[in-house]
file model.txt (compact mmCIF, C-alpha atoms)
# COMPACT_ATOMS: atom_id res chain seq x y z
CA MET A 601 92.93 200.99 240.03
CA GLU A 602 95.57 200.81 237.33
CA ARG A 603 96.99 204.16 236.27
CA ILE A 604 95.58 205.45 232.98
CA SER A 605 98.00 205.44 230.06
CA PRO A 606 98.17 208.58 227.85
CA ARG A 607 99.20 206.33 224.95
CA ILE A 608 95.63 205.05 224.70
CA ASP A 609 93.89 207.32 222.22
CA ILE A 610 90.87 208.17 224.36
CA ALA A 611 93.10 209.33 227.24
CA PHE A 612 95.40 211.17 224.81
CA LYS A 613 92.48 213.12 223.38
CA LYS A 614 91.04 213.83 226.81
CA ILE A 615 94.38 215.40 227.77
CA PHE A 616 95.23 217.33 224.59
CA GLY A 617 91.88 217.68 222.79
CA VAL A 618 89.81 219.80 225.18
CA GLU A 619 89.46 223.58 225.43
CA GLU A 620 90.85 223.85 228.96
CA ASN A 621 94.06 222.07 227.91
CA LYS A 622 94.79 223.89 224.66
CA ASP A 623 98.04 225.13 226.21
CA LEU A 624 99.19 221.50 226.38
CA LEU A 625 98.27 220.93 222.74
CA ILE A 626 100.15 224.08 221.70
CA SER A 627 103.22 222.90 223.62
CA LEU A 628 103.03 219.46 222.00
CA ILE A 629 102.63 220.88 218.48
CA ASN A 630 105.49 223.34 218.96
CA SER A 631 107.76 220.53 220.18
CA ILE A 632 107.23 218.72 216.87
CA VAL A 633 106.98 221.29 214.06
CA GLY A 634 109.68 223.62 212.75
CA LYS A 635 110.15 227.27 213.74
CA ASP A 636 108.07 228.56 210.81
CA ASP A 637 105.05 226.55 211.94
CA GLN A 638 105.05 227.39 215.65
CA VAL A 639 101.66 228.38 217.08
CA SER A 640 100.63 230.69 219.89
CA GLU A 641 96.92 229.91 219.66
CA VAL A 642 94.85 227.09 218.16
CA THR A 643 91.19 226.41 217.46
CA LEU A 644 90.03 222.85 218.09
CA LEU A 645 88.11 221.63 215.05
CA ASN A 646 86.92 218.38 216.64
CA PRO A 647 87.08 218.79 220.45
CA TYR A 648 86.77 215.78 222.74
CA ASN A 649 83.20 214.51 222.86
CA PRO A 650 82.42 211.16 224.53
CA LYS A 651 79.10 210.97 222.66
CA SER A 652 80.96 210.47 219.40
CA PHE A 653 82.59 207.18 220.49
CA LYS A 654 82.02 204.02 218.52
CA LYS A 655 82.13 200.54 219.97
CA ASP A 656 85.11 199.71 217.82
CA LYS A 657 88.66 199.12 219.03
CA LEU A 658 90.06 200.86 215.97
CA SER A 659 87.95 204.03 216.08
CA ILE A 660 89.93 207.11 215.09
CA LEU A 661 90.28 209.64 217.93
CA ASP A 662 92.49 212.19 216.25
CA ILE A 663 92.80 215.87 217.16
CA LYS A 664 92.25 218.47 214.47
CA ALA A 665 93.30 222.05 215.13
CA LYS A 666 93.80 225.29 213.25
CA GLY A 667 96.48 227.84 214.04
CA ALA A 668 95.95 231.61 213.97
CA SER A 669 97.57 231.78 210.51
CA GLY A 670 95.15 229.18 209.13
CA LYS A 671 97.56 226.22 209.15
CA ARG A 672 95.86 222.92 209.91
CA PHE A 673 97.14 220.21 212.23
CA ASN A 674 95.98 216.62 212.58
CA ILE A 675 97.46 214.82 215.61
CA GLU A 676 96.81 211.12 216.04
CA ILE A 677 98.19 208.56 218.44
CA GLN A 678 97.95 205.14 216.83
CA ILE A 679 97.60 202.03 219.01
CA ALA A 680 98.25 199.21 216.57
CA ASP A 681 100.15 198.68 213.35
CA GLU A 682 97.57 198.39 210.58
CA ALA A 683 98.11 197.25 207.02
CA ASP A 684 98.86 200.20 204.72
CA TYR A 685 99.09 202.63 207.62
CA ASP A 686 101.29 204.90 205.48
CA LYS A 687 98.50 205.20 202.92
CA ARG A 688 95.98 205.98 205.62
CA ALA A 689 98.24 208.69 207.03
CA LEU A 690 98.49 210.31 203.59
CA TYR A 691 94.72 209.99 203.08
CA TYR A 692 93.99 211.78 206.36
CA TRP A 693 96.46 214.50 205.43
CA ALA A 694 94.68 214.92 202.07
CA LYS A 695 91.29 215.25 203.82
CA LEU A 696 92.73 217.81 206.23
CA TYR A 697 94.00 219.84 203.26
CA THR A 698 91.02 219.60 200.92
CA GLU A 699 88.24 220.10 203.47
CA GLN A 700 89.45 223.68 203.89
CA LEU A 701 88.13 224.61 200.44
CA LYS A 702 84.53 225.72 200.42
CA VAL A 703 82.33 226.12 197.37
CA ALA A 704 83.44 228.99 195.10
CA GLN A 705 86.66 229.53 197.04
CA ASP A 706 89.96 229.86 195.23
CA TYR A 707 92.87 227.42 195.67
CA SER A 708 94.91 230.29 197.05
CA THR A 709 92.86 230.09 200.25
CA LEU A 710 94.34 226.68 201.10
CA SER A 711 96.74 226.73 204.05
CA LYS A 712 99.51 224.30 204.93
CA ALA A 713 98.35 221.02 206.46
CA ILE A 714 100.58 219.13 208.88
CA GLY A 715 99.93 215.52 209.85
CA ILE A 716 101.42 214.32 213.14
CA HIS A 717 101.34 210.58 213.79
CA ILE A 718 102.45 209.36 217.21
CA LEU A 719 102.88 205.60 216.92
CA ASN A 720 103.08 202.76 219.43
CA PHE A 721 105.02 200.64 216.94
CA THR A 722 107.84 200.79 214.39
CA SER A 723 106.50 202.03 211.08
CA ILE A 724 109.81 202.91 209.39
CA PRO A 725 112.43 200.23 210.19
CA LYS A 726 115.11 201.96 208.11
CA ALA A 727 114.82 205.18 210.14
CA ARG A 728 117.13 205.38 213.16
CA ASP A 729 115.55 208.47 214.77
CA TYR A 730 112.19 208.21 216.49
CA HIS A 731 110.97 211.49 214.97
CA ASN A 732 110.96 211.81 211.17
CA VAL A 733 109.60 214.56 208.92
CA PHE A 734 108.44 213.99 205.34
CA HIS A 735 107.92 216.41 202.42
CA ILE A 736 107.60 216.11 198.67
CA THR A 737 111.01 217.01 197.25
CA GLU A 738 112.62 217.13 193.81
CA LYS A 739 114.28 213.78 193.09
CA ASN A 740 117.79 214.87 192.08
CA VAL A 741 118.44 218.10 193.97
CA GLY A 742 116.10 217.58 196.92
CA PHE A 743 114.42 220.99 197.15
CA LYS A 744 110.82 221.25 198.36
CA TYR A 745 108.18 222.29 195.83
CA PHE A 746 104.85 221.46 197.46
CA GLU A 747 105.37 223.42 200.67
CA ASP A 748 101.90 222.68 202.00
CA LEU A 749 102.54 218.96 202.57
CA GLU A 750 104.24 217.88 205.80
CA LEU A 751 103.95 214.59 207.69
CA HIS A 752 105.60 213.75 211.00
CA THR A 753 106.02 210.27 212.48
CA ILE A 754 106.97 209.76 216.11
CA GLU A 755 107.71 206.10 216.91
CA LEU A 756 107.59 205.96 220.70
CA ASN A 757 109.18 202.52 220.95
CA LYS A 758 112.35 204.00 219.43
CA PHE A 759 112.45 206.52 222.27
CA THR A 760 112.21 203.71 224.82
CA ASP A 761 111.27 200.06 224.39
CA ASN A 762 112.27 198.87 227.86
CA PRO A 763 109.38 198.77 230.38
CA ASN A 764 111.91 198.37 233.19
CA GLU A 765 114.00 201.43 232.28
CA ASP A 766 114.53 203.65 235.32
CA LEU A 767 113.94 207.39 235.55
CA ALA A 768 117.62 208.29 235.32
CA SER A 769 117.92 206.49 231.98
CA ILE A 770 114.81 208.21 230.65
CA VAL A 771 116.00 211.63 231.80
CA ALA A 772 119.35 211.08 230.09
CA LYS A 773 117.50 210.97 226.77
CA VAL A 774 115.65 214.25 227.31
CA LYS A 775 117.31 216.95 225.20
CA THR A 776 114.30 218.62 223.56
CA SER A 777 110.66 219.45 224.30
CA LEU A 778 109.60 216.50 222.16
CA ASP A 779 111.81 214.21 224.27
CA MET A 780 109.99 215.57 227.32
CA TRP A 781 106.56 214.77 225.86
CA SER A 782 107.78 211.35 224.70
CA ALA A 783 108.92 210.63 228.26
CA PHE A 784 105.44 211.55 229.48
CA LEU A 785 103.68 209.38 226.90
CA THR A 786 105.88 206.33 227.48
CA ARG A 787 106.87 206.41 231.16
CA ASN A 788 104.45 208.71 232.96
CA ASP A 789 104.37 206.12 235.74
CA LEU A 790 107.84 207.34 236.80
CA LEU A 791 106.91 211.04 236.88
CA LYS A 792 105.83 212.77 240.09
CA VAL A 793 104.81 216.43 239.94
CA ASP A 794 106.51 217.33 243.23
CA ASN A 795 109.75 215.49 242.40
CA LEU A 796 110.65 216.09 238.75
CA PRO A 797 114.29 216.32 237.66
CA LYS A 798 115.30 219.68 236.18
CA GLU A 799 115.19 218.26 232.63
CA LEU A 800 111.46 217.65 233.10
CA ASN A 801 110.62 220.61 235.31
CA ASP A 802 108.13 222.17 232.90
CA ALA A 803 104.80 223.81 233.72
CA ASN A 804 102.97 222.15 230.82
CA LEU A 805 104.29 218.72 231.74
CA LYS A 806 103.24 219.22 235.37
CA LYS A 807 99.75 220.14 234.25
CA ALA A 808 99.55 217.07 231.97
CA ILE A 809 100.60 214.79 234.85
CA ASN A 810 97.95 216.35 237.09
CA VAL A 811 95.28 216.01 234.39
CA LEU A 812 96.16 212.33 233.99
CA GLU A 813 96.13 211.66 237.73
CA VAL A 814 92.65 213.11 238.26
CA MET A 815 91.15 211.83 235.00
CA ASN A 816 87.82 210.12 235.47
CA PHE A 817 86.00 208.04 232.88
CA SER A 818 82.30 207.41 232.57
CA GLU A 819 81.26 203.77 232.29
CA GLU A 820 81.14 204.08 228.50
CA GLU A 821 84.53 205.79 228.38
CA ARG A 822 86.03 203.15 230.69
CA ASP A 823 84.76 200.35 228.42
CA PHE A 824 86.19 202.11 225.40
CA TYR A 825 89.54 202.63 227.17
CA GLU A 826 89.74 199.00 228.31
CA ASP A 827 89.00 197.75 224.79
CA HIS A 828 91.79 199.87 223.35
CA LEU A 829 94.19 198.95 226.14
CA LYS A 830 93.48 195.26 225.54
CA TRP A 831 94.18 195.75 221.84
CA LEU A 832 97.48 197.51 222.61
CA ARG A 833 98.58 194.64 224.87
CA ILE A 834 97.65 192.02 222.28
CA GLU A 835 99.71 193.86 219.67
CA ALA A 836 102.66 194.25 222.05
CA ASN A 837 102.63 190.54 222.93
CA THR A 838 102.36 189.58 219.26
CA LEU A 839 105.34 191.74 218.35
CA LYS A 840 107.34 190.29 221.25
CA LYS A 841 106.62 186.74 220.09
CA TYR A 842 107.72 187.58 216.55
CA GLU A 843 110.93 189.15 217.87
CA GLN A 844 111.69 186.09 220.00
CA LYS A 845 110.94 183.79 217.08
CA GLY A 846 113.20 185.85 214.84
CA LYS A 847 116.06 185.71 217.34
CA ALA A 848 115.67 181.94 217.73
CA GLU A 849 115.64 181.46 213.97
CA GLY A 850 118.68 183.69 213.68
CA ARG A 851 120.60 181.63 216.24
CA ALA A 852 119.63 178.39 214.47
CA GLU A 853 120.71 179.83 211.12
CA GLY A 854 124.02 180.91 212.63
CA LYS A 855 124.71 177.43 213.99
CA ALA A 856 123.92 175.85 210.60
CA GLU A 857 126.34 178.21 208.85
CA GLU A 858 129.01 177.39 211.43
CA LYS A 859 128.59 173.65 210.79
CA ILE A 860 128.93 174.19 207.03
CA GLU A 861 132.16 176.17 207.48
CA ILE A 862 133.63 173.40 209.66
CA ALA A 863 132.63 170.79 207.08
CA LYS A 864 134.28 172.76 204.28
CA LYS A 865 137.54 173.03 206.21
CA MET A 866 137.51 169.30 206.98
CA LEU A 867 136.84 168.46 203.32
CA ALA A 868 139.77 170.63 202.32
CA LYS A 869 141.96 168.52 204.60
CA ASN A 870 140.57 165.29 203.10
CA HIS A 871 138.67 164.09 206.16
CA SER A 872 136.16 161.36 205.45
CA ILE A 873 132.49 162.18 205.02
CA SER A 874 131.58 159.91 207.92
CA ASP A 875 133.98 161.76 210.26
CA ILE A 876 132.63 165.12 209.16
CA SER A 877 129.08 163.90 209.64
CA ASP A 878 129.85 162.65 213.15
CA LEU A 879 131.42 165.99 214.12
CA THR A 880 128.94 168.43 212.54
CA GLY A 881 125.71 166.47 212.47
CA LEU A 882 125.31 167.16 208.76
CA SER A 883 124.05 164.31 206.61
CA ALA A 884 126.29 162.56 204.05
CA GLU A 885 124.11 164.04 201.30
CA GLU A 886 124.54 167.58 202.64
CA ILE A 887 128.30 167.11 202.87
CA SER A 888 128.48 165.69 199.35
CA LYS A 889 126.81 168.83 197.99
CA LEU A 890 129.58 170.91 199.56
call {"tool": "encode", "arguments": {"input": "model.txt", "output": "structure tokens"}}
result
Amino acid sequence: MERISPRIDIAFKKIFGVEENKDLLISLINSIVGKDDQVSEVTLLNPYNPKSFKKDKLSILDIKAKGASGKRFNIEIQIADEADYDKRALYYWAKLYTEQLKVAQDYSTLSKAIGIHILNFTSIPKARDYHNVFHITEKNVGFKYFEDLELHTIELNKFTDNPNEDLASIVAKVKTSLDMWSAFLTRNDLLKVDNLPKELNDANLKKAINVLEVMNFSEEERDFYEDHLKWLRIEANTLKKYEQKGKAEGRAEGKAEEKIEIAKKMLAKNHSISDISDLTGLSAEEISKL
């Protein structure tokens, strides 16, 4: 049987969203948030429950947790790039923040809400790093005013996008705890509990690998997993086709520009249009326009 992927949301939640694995969730959260938001204990607000599944490939299987100080965390691994995903991320953060307030409670009771979005796709092309943190800041000076808003994006394909990358190459990228968890989420197939390099020799990681290896799905869970895995593969193939098409179009565009430059140089030296056309393949009309 094919090894289960922790990048599929149902497997991700079955690893990090159950009471017996709260230590793994704490480790993951602490690898992402800053020092002021580190947690030593969390309460799961929506623990893993297979009865809540919907027969829908885009069902949301996020993990909501509350730290001892009251701070709220929403961790989601997203399979496919949806339209307006950025708006959805902000909407889920807003729900996480506002649902804290009960009737007759004061606004002062609201605690910081942190959204963590682990993505199987590129959401922010202009960002070079795979982990980015967003706040509301003052436009000119850049200081934070609304301290309670924080969103993290982790684009796994920027950590590694090569399915044939070997373990040594993956290990070379591991500098932080988040790198370690990213290695687990992307290339767990290379990780063996009894033979981990020192950069990955971590008790929490070992437990996560063991949890994944012994994970069993019910028939309903297996169907749900397969549907989501199929969706992930469709998206990956679609993106690959677009990339290949873009590269081909880029090469064609480059060749066209090269032909135009040659034609311009030949015109400058008073070569005939027919000679230029024979050499470059450009039409007489195209050359005349130059």
call {"tool": "closest_atom_pairs", "arguments": {"input": "model.txt", "of": "stretch 617-713 of chain A", "to": "stretch 795-814 of chain A", "cutoff": "8 Å", "atoms": "all atoms listed in the file", "output": "CSV"}}
result
residue,atom,partner,partner_atom,distance
A:Asp623,CA,A:Asn804,CA,7.4
A:Leu624,CA,A:Asn804,CA,5.9
A:Ser627,CA,A:Asn804,CA,7.2
call {"tool": "residues_around", "arguments": {"input": "model.txt", "residues": "A:Thr709", "least_positions_apart": "4", "cutoff": "9 Å", "atoms": "only C-alpha atoms", "output": "list of chain:residue names"}}
result
A:Gln700, A:Leu701, A:Gln705
call {"tool": "residues_around", "arguments": {"input": "model.txt", "residues": "A:Ser874", "least_positions_apart": "2", "cutoff": "12 Å", "atoms": "only C-alpha atoms", "output": "ChimeraX atom specification"}}
result
/A:863,866-867,870-872,876-888
call {"tool": "closest_residue", "arguments": {"input": "model.txt", "among": "A:Ala772, A:Ile610, A:Leu644, A:Ile604", "to": "A:Lys622", "atoms": "all atoms listed in the file"}}
result
A:Leu644
call {"tool": "atom_distance", "arguments": {"input": "model.txt", "atom1": "atom CA of A:Gly667", "atom2": "atom CA of A:Asp637"}}
result
8.9 Å
call {"tool": "residues_around", "arguments": {"input": "model.txt", "residues": "stretch 663-666 of chain A", "least_positions_apart": "3", "cutoff": "9 Å", "atoms": "only C-alpha atoms", "output": "list in words"}}
result
Lys613, Phe616, Gly617, Glu641, Val642, Thr643, Leu644, Leu645, Asn646, Pro647, Tyr648, Ser669, Gly670, Lys671, Arg672, Phe673, Asn674, Ile675, Glu676 and Leu696 of chain A
call {"tool": "closest_residue", "arguments": {"input": "model.txt", "among": "A:Asp686, A:Glu750, A:Glu699, A:Asp681", "to": "A:Ile714", "atoms": "all atoms listed in the file"}}
result
A:Glu750
call {"tool": "atom_distance", "arguments": {"input": "model.txt", "atom1": "atom CA of A:Ala689", "atom2": "atom CA of A:Lys726"}}
result
18.2 Å
call {"tool": "closest_residue", "arguments": {"input": "model.txt", "among": "A:Val633, A:Leu661, A:Ala768, A:Leu791", "to": "A:His731", "atoms": "all atoms listed in the file"}}
result
A:Val633
call {"tool": "closest_atom_pairs", "arguments": {"input": "model.txt", "of": "stretch 719-763 of chain A", "to": "stretch 786-790 of chain A", "cutoff": "9 Å", "atoms": "only C-alpha atoms", "output": "JSON lines"}}
result
{"residue": "A:Leu756", "atom": "CA", "partner": "A:Thr786", "partner_atom": "CA", "distance": 7.0}
{"residue": "A:Asn757", "atom": "CA", "partner": "A:Thr786", "partner_atom": "CA", "distance": 8.2}
{"residue": "A:Phe759", "atom": "CA", "partner": "A:Thr786", "partner_atom": "CA", "distance": 8.4}
{"residue": "A:Thr760", "atom": "CA", "partner": "A:Thr786", "partner_atom": "CA", "distance": 7.3}
{"residue": "A:Asp761", "atom": "CA", "partner": "A:Thr786", "partner_atom": "CA", "distance": 8.8}
{"residue": "A:Pro763", "atom": "CA", "partner": "A:Arg787", "partner_atom": "CA", "distance": 8.1}
call {"tool": "write_last_selection", "arguments": {"input": "model.txt", "atoms": "C-alpha atoms", "output": "compact mmCIF listing (two decimals), in the frame of the given file"}}
result
# COMPACT_ATOMS: atom_id res chain seq x y z
CA LEU A 756 107.59 205.96 220.70
CA ASN A 757 109.18 202.52 220.95
CA PHE A 759 112.45 206.52 222.27
CA THR A 760 112.21 203.71 224.82
CA ASP A 761 111.27 200.06 224.39
CA PRO A 763 109.38 198.77 230.38
call {"tool": "atom_distance", "arguments": {"input": "model.txt", "atom1": "atom CA of A:Tyr825", "atom2": "atom CA of A:Asn720"}}
result
15.6 Å
call {"tool": "closest_residue", "arguments": {"input": "model.txt", "among": "A:Asn649, A:Ile724, A:Glu861, A:Leu751", "to": "A:Ile736", "atoms": "only C-alpha atoms"}}
result
A:Leu751
call {"tool": "closest_residue", "arguments": {"input": "model.txt", "among": "A:Ser631, A:Arg688, A:Asp748, A:Ser640", "to": "A:Met780", "atoms": "only C-alpha atoms"}}
result
A:Ser631
call {"tool": "residues_around", "arguments": {"input": "model.txt", "residues": "A:Thr753", "least_positions_apart": "2", "cutoff": "8 Å", "atoms": "all atoms listed in the file", "output": "list in words"}}
result
Ile716, His717, Ile718, Leu719, Tyr730, His731, Asn732, Val733, Leu751 and Glu755 of chain A
